[in-house]
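S.K.: Once you've had a glance at the structure underneath, I'll fire off some questions.
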Amino acid sequence: MIHSIVHRCDQILFVSFCLLILLLPFSSGAIQFFTYFILLIFLFQVALQRPKFKLSLSFMDWAIIAWLIFSVVSIVVNPYPQAGWKGLFSKVLPHLWLFYIFIRVMRSEDRIRWFLVSAIAGIFVLCLAGLSQYIFGEDFIRHRPLMDGRIQSTMKAPTDMAAYLMTFAPLILMMAWKTRELQPFMIRRVPDSQLRWLFLFVFVVLVFCLGWTYSRGGWLAFILGMIGMAVLEKRLRLPVIVLLVAFWLYFPPRMIVEREHMDATLVLDSFGRKTFWTEAWHLIQAKWLFGGGLNAYTQAVAPYKIKWGEYPHNCYLQMWAEIGIFGLLSFLWIHAVIFYNSIVAVLKSKHEACRHLLPALLLGYAGFLFHSALDTFFYSASLGTFLWILMALAVSLTRMACCNIKEASPH
């Protein structure tokens, strides 16, 4: 009886993660609901199992512990404890339990397949709403109007939508390009040829919506991701070149025409970001060691305000300004370990699906981290959660590839 209930809880957790990624671009309420629902079900499952935990910490675990410690230190040594503890319990810890529970739950190709299907379905609906916004002046879900000629669909800002779409672009292109090789992660009842055209169609719609966000940071991250795809797959080089040339010839001129405050001389302008970064840097110079306090950037930067005094549109500067240099370095350490382990797994594994899917995922992941230097995604309700799920997905695929290495090794 208990075993049956535990198994049912596991299935509920799996479905909850699929629903979370499906609804993530559309509803912050759904993100909050599923975040705490997943924790509740997981705690209930653990209480039934009463497992004996063995403390075995990896390099990634130590990096996360260090990041947590420096986050707490930044709260304790600064005069903004209320904001700090709120950020710890409403942002940091929820992201961590989603990360670890995801890794525990998403342990099979079948589950990864349905998770990716859910994510791509959400992206397709997001893009349809974006097309509606661009063509008819508002999206058909939240009825948000087109602002400054830029689409954002149901997301908070055009840059958020660009970051989300750009991250999935290499993955969807790889699924279209290597449909047969990625069969373990495909919908098995649908023929390969139909799936290939379906993924290609979603990719094309995604590219148009990404272009119409007029997010230059998102464009640059997308271009770097596509160059990475051309390096991974030699036969993709010509299609990628054609795609990038067409993208460059169409979207920048359209941006100059359609954005109200844009002309050719402003294409390379920072739109105030230099001022934002200068404010953050002044705070960093004053409190470089332990920062001004977790989740307390706007209060801590007030004495250094030039004219903005809000978030600096650079996640790394903000993190350094909030939790100090060691907090930032430990956060970067987490990502470095994930990338290192993933690349080693790709180079050693003979699992065809992981060898193609994981590099494409890493390209999108790297693009997201790059774009985060130009905006404040780590602190967004949707994209902050998305980052940790993305990290967990990379870890899950890496472990899947590593298991294949062990099975293939001689006894």
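In the structure tokens, each chain is lettered A, B, ... as it comes, each chain's residues begin at 1, and ligands are numbered from 1 in order of appearance.
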Per residue of stretch 86-109 of chain A within 9 Å of stretch 385-402 of chain A, what are the shortest atom pair and its distance in Å to one decimal, counting only C-alpha atoms, with rows by chain and residue number, as CSV?
M.R.:
```
residue,atom,partner,partner_atom,distance
A:Lys91,CA,A:Thr385,CA,8.4
A:Pro94,CA,A:Thr385,CA,8.5
A:His95,CA,A:Thr385,CA,6.0
A:Leu96,CA,A:Trp388,CA,7.4
A:Leu98,CA,A:Ile389,CA,7.0
A:Phe99,CA,A:Ala392,CA,5.3
A:Tyr100,CA,A:Ala392,CA,7.3
A:Ile101,CA,A:Ala392,CA,8.9
A:Phe102,CA,A:Ala392,CA,6.3
A:Ile103,CA,A:Ser396,CA,5.5
A:Arg104,CA,A:Ser396,CA,8.4
A:Met106,CA,A:Ser396,CA,6.6
A:Arg107,CA,A:Ser396,CA,6.5
A:Ser108,CA,A:Met400,CA,7.5
A:Glu109,CA,A:Met400,CA,8.2
```
S.K.: Take the residues from that selection and put them in a file with N, CA, C and O atoms, as a PDB file, in the first residue's frame.
M.R.:
```
ATOM      1  N   LYS A  91      12.608  33.008  -2.893  1.00  0.00           N
ATOM      2  CA  LYS A  91      13.278  32.851  -4.183  1.00  0.00           C
ATOM      3  C   LYS A  91      14.368  31.781  -4.149  1.00  0.00           C
ATOM      4  O   LYS A  91      14.320  30.805  -4.888  1.00  0.00           O
ATOM      5  N   PRO A  94      13.143  28.048  -2.725  1.00  0.00           N
ATOM      6  CA  PRO A  94      12.247  27.384  -3.689  1.00  0.00           C
ATOM      7  C   PRO A  94      12.955  26.949  -4.960  1.00  0.00           C
ATOM      8  O   PRO A  94      12.677  25.864  -5.485  1.00  0.00           O
ATOM      9  N   HIS A  95      13.876  27.762  -5.465  1.00  0.00           N
ATOM     10  CA  HIS A  95      14.617  27.370  -6.662  1.00  0.00           C
ATOM     11  C   HIS A  95      15.479  26.144  -6.394  1.00  0.00           C
ATOM     12  O   HIS A  95      15.585  25.251  -7.248  1.00  0.00           O
ATOM     13  N   LEU A  96      16.066  26.078  -5.215  1.00  0.00           N
ATOM     14  CA  LEU A  96      16.928  24.937  -4.882  1.00  0.00           C
ATOM     15  C   LEU A  96      16.123  23.650  -4.746  1.00  0.00           C
ATOM     16  O   LEU A  96      16.558  22.588  -5.212  1.00  0.00           O
ATOM     17  N   LEU A  98      13.285  22.940  -6.198  1.00  0.00           N
ATOM     18  CA  LEU A  98      12.875  22.537  -7.543  1.00  0.00           C
ATOM     19  C   LEU A  98      14.036  21.857  -8.268  1.00  0.00           C
ATOM     20  O   LEU A  98      13.846  20.842  -8.951  1.00  0.00           O
ATOM     21  N   PHE A  99      15.225  22.403  -8.114  1.00  0.00           N
ATOM     22  CA  PHE A  99      16.424  21.868  -8.757  1.00  0.00           C
ATOM     23  C   PHE A  99      16.676  20.421  -8.328  1.00  0.00           C
ATOM     24  O   PHE A  99      16.803  19.516  -9.163  1.00  0.00           O
ATOM     25  N   TYR A 100      16.708  20.173  -7.029  1.00  0.00           N
ATOM     26  CA  TYR A 100      17.044  18.836  -6.536  1.00  0.00           C
ATOM     27  C   TYR A 100      15.908  17.839  -6.742  1.00  0.00           C
ATOM     28  O   TYR A 100      16.154  16.657  -7.056  1.00  0.00           O
ATOM     29  N   ILE A 101      14.673  18.270  -6.605  1.00  0.00           N
ATOM     30  CA  ILE A 101      13.547  17.353  -6.819  1.00  0.00           C
ATOM     31  C   ILE A 101      13.449  16.992  -8.300  1.00  0.00           C
ATOM     32  O   ILE A 101      13.158  15.836  -8.645  1.00  0.00           O
ATOM     33  N   PHE A 102      13.692  17.960  -9.190  1.00  0.00           N
ATOM     34  CA  PHE A 102      13.670  17.680 -10.620  1.00  0.00           C
ATOM     35  C   PHE A 102      14.672  16.583 -10.961  1.00  0.00           C
ATOM     36  O   PHE A 102      14.350  15.636 -11.692  1.00  0.00           O
ATOM     37  N   ILE A 103      15.884  16.708 -10.459  1.00  0.00           N
ATOM     38  CA  ILE A 103      16.926  15.712 -10.740  1.00  0.00           C
ATOM     39  C   ILE A 103      16.502  14.338 -10.242  1.00  0.00           C
ATOM     40  O   ILE A 103      16.750  13.315 -10.893  1.00  0.00           O
ATOM     41  N   ARG A 104      15.848  14.308  -9.100  1.00  0.00           N
ATOM     42  CA  ARG A 104      15.394  13.037  -8.520  1.00  0.00           C
ATOM     43  C   ARG A 104      14.267  12.416  -9.343  1.00  0.00           C
ATOM     44  O   ARG A 104      14.205  11.190  -9.514  1.00  0.00           O
ATOM     45  N   MET A 106      13.160  13.352 -12.731  1.00  0.00           N
ATOM     46  CA  MET A 106      13.370  13.207 -14.176  1.00  0.00           C
ATOM     47  C   MET A 106      14.585  12.319 -14.440  1.00  0.00           C
ATOM     48  O   MET A 106      15.666  12.792 -14.806  1.00  0.00           O
ATOM     49  N   ARG A 107      14.386  11.012 -14.271  1.00  0.00           N
ATOM     50  CA  ARG A 107      15.503  10.087 -14.328  1.00  0.00           C
ATOM     51  C   ARG A 107      15.419   9.099 -15.482  1.00  0.00           C
ATOM     52  O   ARG A 107      16.172   8.123 -15.532  1.00  0.00           O
ATOM     53  N   SER A 108      14.504   9.328 -16.418  1.00  0.00           N
ATOM     54  CA  SER A 108      14.360   8.396 -17.541  1.00  0.00           C
ATOM     55  C   SER A 108      14.139   9.161 -18.839  1.00  0.00           C
ATOM     56  O   SER A 108      13.701  10.319 -18.828  1.00  0.00           O
ATOM     57  N   GLU A 109      14.443   8.511 -19.948  1.00  0.00           N
ATOM     58  CA  GLU A 109      14.230   9.122 -21.263  1.00  0.00           C
ATOM     59  C   GLU A 109      12.762   9.439 -21.484  1.00  0.00           C
ATOM     60  O   GLU A 109      12.423  10.466 -22.085  1.00  0.00           O
TER      61      GLU A 109
END
```
S.K.: Extract, using only C-alpha atoms, all DNA, RNA and protein residues at most 12 Å from A:Phe203, discarding same-chain residues fewer than 4 positions from it, and format them as a PDB file with N, CA and C atoms, in the first residue's frame.
M.R.:
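Written output follows (around_29.pdb):
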```
ATOM      1  N   ILE A 120       7.925  22.556 -25.340  1.00  0.00           N
ATOM      2  CA  ILE A 120       7.772  23.007 -26.727  1.00  0.00           C
ATOM      3  C   ILE A 120       6.322  23.396 -27.007  1.00  0.00           C
ATOM      4  N   ALA A 121       5.368  22.676 -26.416  1.00  0.00           N
ATOM      5  CA  ALA A 121       3.953  23.056 -26.576  1.00  0.00           C
ATOM      6  C   ALA A 121       3.721  24.450 -25.997  1.00  0.00           C
ATOM      7  N   ILE A 123       5.961  26.821 -25.659  1.00  0.00           N
ATOM      8  CA  ILE A 123       6.646  27.782 -26.534  1.00  0.00           C
ATOM      9  C   ILE A 123       5.802  28.080 -27.767  1.00  0.00           C
ATOM     10  N   PHE A 124       5.189  27.046 -28.341  1.00  0.00           N
ATOM     11  CA  PHE A 124       4.377  27.242 -29.544  1.00  0.00           C
ATOM     12  C   PHE A 124       3.182  28.150 -29.254  1.00  0.00           C
ATOM     13  N   CYS A 127       4.376  31.677 -28.790  1.00  0.00           N
ATOM     14  CA  CYS A 127       4.676  32.312 -30.076  1.00  0.00           C
ATOM     15  C   CYS A 127       3.399  32.683 -30.829  1.00  0.00           C
ATOM     16  N   LEU A 165      12.896  32.222 -25.582  1.00  0.00           N
ATOM     17  CA  LEU A 165      12.910  31.625 -26.915  1.00  0.00           C
ATOM     18  C   LEU A 165      14.329  31.277 -27.360  1.00  0.00           C
ATOM     19  N   MET A 166      15.261  32.187 -27.105  1.00  0.00           N
ATOM     20  CA  MET A 166      16.634  31.958 -27.519  1.00  0.00           C
ATOM     21  C   MET A 166      17.220  30.707 -26.874  1.00  0.00           C
ATOM     22  N   THR A 167      16.864  30.454 -25.610  1.00  0.00           N
ATOM     23  CA  THR A 167      17.395  29.296 -24.901  1.00  0.00           C
ATOM     24  C   THR A 167      16.961  27.994 -25.558  1.00  0.00           C
ATOM     25  N   PHE A 168      15.729  27.938 -26.036  1.00  0.00           N
ATOM     26  CA  PHE A 168      15.214  26.714 -26.638  1.00  0.00           C
ATOM     27  C   PHE A 168      15.548  26.585 -28.124  1.00  0.00           C
ATOM     28  N   ALA A 169      16.009  27.652 -28.758  1.00  0.00           N
ATOM     29  CA  ALA A 169      16.241  27.620 -30.203  1.00  0.00           C
ATOM     30  C   ALA A 169      17.210  26.512 -30.624  1.00  0.00           C
ATOM     31  N   PRO A 170      18.414  26.385 -30.037  1.00  0.00           N
ATOM     32  CA  PRO A 170      19.317  25.299 -30.459  1.00  0.00           C
ATOM     33  C   PRO A 170      18.716  23.917 -30.219  1.00  0.00           C
ATOM     34  N   LEU A 171      17.998  23.742 -29.120  1.00  0.00           N
ATOM     35  CA  LEU A 171      17.408  22.450 -28.783  1.00  0.00           C
ATOM     36  C   LEU A 171      16.367  22.035 -29.820  1.00  0.00           C
ATOM     37  N   ILE A 172      15.475  22.958 -30.185  1.00  0.00           N
ATOM     38  CA  ILE A 172      14.424  22.637 -31.153  1.00  0.00           C
ATOM     39  C   ILE A 172      15.023  22.399 -32.534  1.00  0.00           C
ATOM     40  N   LEU A 173      16.038  23.189 -32.904  1.00  0.00           N
ATOM     41  CA  LEU A 173      16.695  22.965 -34.187  1.00  0.00           C
ATOM     42  C   LEU A 173      17.367  21.598 -34.220  1.00  0.00           C
ATOM     43  N   MET A 174      18.015  21.210 -33.133  1.00  0.00           N
ATOM     44  CA  MET A 174      18.655  19.896 -33.085  1.00  0.00           C
ATOM     45  C   MET A 174      17.627  18.775 -33.164  1.00  0.00           C
ATOM     46  N   MET A 175      16.479  18.960 -32.530  1.00  0.00           N
ATOM     47  CA  MET A 175      15.432  17.947 -32.590  1.00  0.00           C
ATOM     48  C   MET A 175      14.860  17.816 -33.996  1.00  0.00           C
ATOM     49  N   ALA A 176      14.841  18.924 -34.732  1.00  0.00           N
ATOM     50  CA  ALA A 176      14.405  18.869 -36.127  1.00  0.00           C
ATOM     51  C   ALA A 176      15.476  18.234 -37.007  1.00  0.00           C
ATOM     52  N   TRP A 177      16.738  18.503 -36.700  1.00  0.00           N
ATOM     53  CA  TRP A 177      17.845  18.045 -37.537  1.00  0.00           C
ATOM     54  C   TRP A 177      18.179  16.572 -37.293  1.00  0.00           C
ATOM     55  N   ARG A 196       9.888  15.864 -37.759  1.00  0.00           N
ATOM     56  CA  ARG A 196      10.918  16.782 -38.257  1.00  0.00           C
ATOM     57  C   ARG A 196      10.293  18.069 -38.776  1.00  0.00           C
ATOM     58  N   TRP A 197       9.242  17.951 -39.570  1.00  0.00           N
ATOM     59  CA  TRP A 197       8.589  19.143 -40.103  1.00  0.00           C
ATOM     60  C   TRP A 197       7.892  19.944 -39.013  1.00  0.00           C
ATOM     61  N   LEU A 198       7.366  19.253 -38.008  1.00  0.00           N
ATOM     62  CA  LEU A 198       6.710  19.938 -36.894  1.00  0.00           C
ATOM     63  C   LEU A 198       7.725  20.778 -36.117  1.00  0.00           C
ATOM     64  N   PHE A 199       8.871  20.177 -35.778  1.00  0.00           N
ATOM     65  CA  PHE A 199       9.901  20.906 -35.042  1.00  0.00           C
ATOM     66  C   PHE A 199      10.456  22.059 -35.883  1.00  0.00           C
ATOM     67  N   VAL A 207      11.810  31.831 -34.425  1.00  0.00           N
ATOM     68  CA  VAL A 207      12.776  32.809 -34.937  1.00  0.00           C
ATOM     69  C   VAL A 207      12.088  34.135 -35.259  1.00  0.00           C
ATOM     70  N   PHE A 208      10.924  34.077 -35.878  1.00  0.00           N
ATOM     71  CA  PHE A 208      10.205  35.309 -36.189  1.00  0.00           C
ATOM     72  C   PHE A 208       9.805  36.048 -34.910  1.00  0.00           C
ATOM     73  N   CYS A 209       9.306  35.310 -33.922  1.00  0.00           N
ATOM     74  CA  CYS A 209       8.896  35.954 -32.672  1.00  0.00           C
ATOM     75  C   CYS A 209      10.108  36.516 -31.931  1.00  0.00           C
ATOM     76  N   LEU A 210      11.208  35.781 -31.940  1.00  0.00           N
ATOM     77  CA  LEU A 210      12.433  36.290 -31.333  1.00  0.00           C
ATOM     78  C   LEU A 210      12.871  37.580 -32.015  1.00  0.00           C
ATOM     79  N   LEU A 243      20.305  31.517 -42.674  1.00  0.00           N
ATOM     80  CA  LEU A 243      19.383  31.979 -41.645  1.00  0.00           C
ATOM     81  C   LEU A 243      19.865  33.284 -41.015  1.00  0.00           C
TER      82      LEU A 243
END
```
S.K.: Env of A:Phe136: 9 Å cut, atoms = only C-alpha atoms, seq-sep filter 3 positions within chain, self excluded. Answer as a PDB file with N, CA, C and O atoms, in the first residue's frame.
M.R.:
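Dumped to part.pdb:
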```pdb
ATOM      1  N   LEU A 131       2.520  36.293 -32.154  1.00  0.00           N
ATOM      2  CA  LEU A 131       2.126  36.636 -33.528  1.00  0.00           C
ATOM      3  C   LEU A 131       0.821  37.423 -33.527  1.00  0.00           C
ATOM      4  O   LEU A 131       0.654  38.390 -34.287  1.00  0.00           O
ATOM      5  N   SER A 132      -0.121  37.007 -32.679  1.00  0.00           N
ATOM      6  CA  SER A 132      -1.388  37.743 -32.548  1.00  0.00           C
ATOM      7  C   SER A 132      -1.131  39.175 -32.089  1.00  0.00           C
ATOM      8  O   SER A 132      -1.749  40.125 -32.603  1.00  0.00           O
ATOM      9  N   GLN A 133      -0.207  39.331 -31.153  1.00  0.00           N
ATOM     10  CA  GLN A 133       0.123  40.665 -30.645  1.00  0.00           C
ATOM     11  C   GLN A 133       0.726  41.535 -31.744  1.00  0.00           C
ATOM     12  O   GLN A 133       0.401  42.726 -31.854  1.00  0.00           O
ATOM     13  N   ASP A 139      -2.111  40.262 -27.677  1.00  0.00           N
ATOM     14  CA  ASP A 139      -2.095  38.794 -27.651  1.00  0.00           C
ATOM     15  C   ASP A 139      -3.473  38.286 -27.253  1.00  0.00           C
ATOM     16  O   ASP A 139      -4.262  39.000 -26.626  1.00  0.00           O
ATOM     17  N   PRO A 145      -1.362  44.843 -25.095  1.00  0.00           N
ATOM     18  CA  PRO A 145      -1.168  45.551 -26.364  1.00  0.00           C
ATOM     19  C   PRO A 145       0.295  45.510 -26.818  1.00  0.00           C
ATOM     20  O   PRO A 145       1.209  45.308 -26.012  1.00  0.00           O
ATOM     21  N   LEU A 146       0.480  45.711 -28.096  1.00  0.00           N
ATOM     22  CA  LEU A 146       1.827  45.836 -28.648  1.00  0.00           C
ATOM     23  C   LEU A 146       2.409  47.179 -28.205  1.00  0.00           C
ATOM     24  O   LEU A 146       1.813  48.226 -28.407  1.00  0.00           O
TER      25      LEU A 146
END
```
S.K.: Quick one: everything within 7 Å of stretch 314-325 of chain A, counting only C-alpha atoms, minus sequence neighbours fewer than 2 positions away in the same chain. Send it as an MDAnalysis selection string.
M.R.: chainID A and resid 70:71 74 280 283:284 288:297 312 327:329 372:378
S.K.: For the atom pair atom CA of A:Glu138 and atom CA of A:Thr154, what is the interatomic distance in Å to one decimal place?
M.R.: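 Computed distance, atom CA of A:Glu138 to atom CA of A:Thr154, equals 9.9 Å.
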S.K.: Quick one: of A:Phe251, A:Val240, A:Phe222, A:Thr278, who's nearest to A:Gly367, counting only C-alpha atoms?
M.R.: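 Using only C-alpha atoms, the shortest distance to A:Gly367 belongs to A:Phe222.
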S.K.: List the spatial neighbours of A:Gln45 as a PDB file with N, CA, C and O atoms, in the first residue's frame - criterion: any atom at most 9 Å away, only C-alpha atoms, same-chain residues fewer than 4 positions off excluded.
M.R.:
```pdb
ATOM      1  N   ILE A   5       1.409   4.240  -2.921  1.00  0.00           N
ATOM      2  CA  ILE A   5       1.231   5.676  -2.682  1.00  0.00           C
ATOM      3  C   ILE A   5       2.497   6.443  -3.061  1.00  0.00           C
ATOM      4  O   ILE A   5       2.437   7.518  -3.673  1.00  0.00           O
ATOM      5  N   VAL A   6       3.662   5.887  -2.693  1.00  0.00           N
ATOM      6  CA  VAL A   6       4.941   6.518  -3.037  1.00  0.00           C
ATOM      7  C   VAL A   6       5.088   6.617  -4.552  1.00  0.00           C
ATOM      8  O   VAL A   6       5.520   7.652  -5.086  1.00  0.00           O
ATOM      9  N   HIS A   7       4.727   5.536  -5.250  1.00  0.00           N
ATOM     10  CA  HIS A   7       4.800   5.541  -6.718  1.00  0.00           C
ATOM     11  C   HIS A   7       3.858   6.584  -7.303  1.00  0.00           C
ATOM     12  O   HIS A   7       4.223   7.291  -8.257  1.00  0.00           O
ATOM     13  N   CYS A   9       2.874   9.342  -5.844  1.00  0.00           N
ATOM     14  CA  CYS A   9       3.472  10.657  -5.565  1.00  0.00           C
ATOM     15  C   CYS A   9       4.541  10.983  -6.603  1.00  0.00           C
ATOM     16  O   CYS A   9       4.642  12.126  -7.063  1.00  0.00           O
ATOM     17  N   ASP A  10       5.328   9.984  -6.962  1.00  0.00           N
ATOM     18  CA  ASP A  10       6.363  10.175  -7.973  1.00  0.00           C
ATOM     19  C   ASP A  10       5.755  10.584  -9.306  1.00  0.00           C
ATOM     20  O   ASP A  10       6.262  11.475  -9.992  1.00  0.00           O
ATOM     21  N   LEU A  40       5.398  20.044  -1.296  1.00  0.00           N
ATOM     22  CA  LEU A  40       4.457  19.362  -0.400  1.00  0.00           C
ATOM     23  C   LEU A  40       4.380  17.872  -0.725  1.00  0.00           C
ATOM     24  O   LEU A  40       4.465  17.015   0.171  1.00  0.00           O
ATOM     25  N   ILE A  41       4.225  17.549  -2.010  1.00  0.00           N
ATOM     26  CA  ILE A  41       4.133  16.144  -2.415  1.00  0.00           C
ATOM     27  C   ILE A  41       5.445  15.418  -2.129  1.00  0.00           C
ATOM     28  O   ILE A  41       5.448  14.260  -1.670  1.00  0.00           O
ATOM     29  N   GLN A  49       8.377   7.090   2.873  1.00  0.00           N
ATOM     30  CA  GLN A  49       9.511   6.207   2.607  1.00  0.00           C
ATOM     31  C   GLN A  49      10.455   6.091   3.794  1.00  0.00           C
ATOM     32  O   GLN A  49      11.054   5.038   4.019  1.00  0.00           O
ATOM     33  N   ARG A  50      10.630   7.190   4.519  1.00  0.00           N
ATOM     34  CA  ARG A  50      11.586   7.256   5.627  1.00  0.00           C
ATOM     35  C   ARG A  50      12.967   6.732   5.200  1.00  0.00           C
ATOM     36  O   ARG A  50      13.506   5.791   5.802  1.00  0.00           O
TER      37      ARG A  50
END
```
S.K.: Which parts of stretch 72-297 of chain A does DSSP call strand (DSSP E or B) when run on the backbone here, written out as a PyMOL selection string?
M.R.: chain A and resi 138+145+147+150
S.K.: With only C-alpha atoms as the counted atoms, please give the residues lying no more than 12 Å from A:Ile135, apart from itself and same-chain residues fewer than 6 positions off, as a ChimeraX atom specification.
M.R.: /A:128-129,145-146,149-151,153,209,212
S.K.: In Å to one decimal, how far is atom CA of A:Leu357 from atom CA of A:Glu181?
M.R.: 9.6 Å
S.K.: Please measure the separation of atom CA of A:Val242 and atom CA of A:Met226, giving the value in Å to one decimal.
M.R.: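 Atom-to-atom, atom CA of A:Val242 and atom CA of A:Met226 are spaced 11.2 Å apart.
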